[in-house]
Amino acid sequence: MAFMKRPMKNKFGKPGQKGPNKRKAAKAKRNLKCRFCTKEGCPRPVYVDYKDLRTLKVMITRDGHVLARRRTGNCAKFQRAVRRAILRARYMGLLPYVMRDD
C-alpha cells in the first residue's frame, strides 16, 4: 500500500477552513507607481535627497527597516537610491536607526 498523507487539520478542527465561518474582506490592490519617476520615464541622474526627511520617513518602518518595492511602488533604480539616502541620513544623524516608542 502506498503511503497517503492526510490533510492537516487547523486549529478549528476542519481541513481547509480558514476561520470560524468568517471571511476576510479582500483587499483592493492599489496600482502603485514610482513616486520619483515622471511620465517620460526615470529622470537622470537618479538621486534622492537625504535631507528630505518627510519622504524618507514614509519609506521606513517603526523598527527602522526599509520598506520593500512592492510596498512603496518604487522602481528598482529609485529603490536603491532611497536605500542610499536613508543610510546617509542615518549616518549624518538626521534619521534615527530605530523609532522611539514614546
# chains A, B, ... in the order shown; residues from 1 in each chain; ligands from 1

$ select_by_dssp --residues "range 27-93 of chain A" --states "strand (DSSP E or B)" --output "PDB file with N, CA and C atoms, in the first residue's frame"
ATOM      1  N   THR A  38       8.708  60.281 -13.704  1.00  0.00           N
ATOM      2  CA  THR A  38       7.755  61.129 -14.391  1.00  0.00           C
ATOM      3  C   THR A  38       7.072  60.311 -15.480  1.00  0.00           C
ATOM      4  N   GLY A  41       9.511  58.840 -17.972  1.00  0.00           N
ATOM      5  CA  GLY A  41      10.390  57.766 -17.508  1.00  0.00           C
ATOM      6  C   GLY A  41      11.207  58.214 -16.315  1.00  0.00           C
ATOM      7  N   ILE A  60      10.396  53.945   5.606  1.00  0.00           N
ATOM      8  CA  ILE A  60      10.913  53.032   6.625  1.00  0.00           C
ATOM      9  C   ILE A  60       9.825  52.692   7.626  1.00  0.00           C
ATOM     10  N   VAL A  66      13.884  49.277   5.867  1.00  0.00           N
ATOM     11  CA  VAL A  66      13.485  49.934   4.626  1.00  0.00           C
ATOM     12  C   VAL A  66      12.356  49.110   4.016  1.00  0.00           C
TER      13      VAL A  66
END

$ residues_around --residues "Met59 in chain A" --least-positions-apart "5" --cutoff "8 Å" --atoms "only C-alpha atoms" --output "number ranges by chain"
A: 66-67, 72, 82

$ residues_around --residues "Cys34 in chain A" --least-positions-apart "3" --cutoff "6 Å" --atoms "only C-alpha atoms" --output "JSON, numbers by chain"
{"A": [37, 73, 74, 75]}

$ atom_distance --atom1 "CA of Met99 in chain A" --atom2 "CA of Arg62 in chain A"
5.2 Å

$ select_by_dssp --residues "range 29-79 of chain A" --states "helix (DSSP H, G or I)" --output "JSON, numbers by chain"
{"A": [53, 54, 55, 56, 57, 58, 69, 70, 71, 72, 76, 77, 78, 79]}
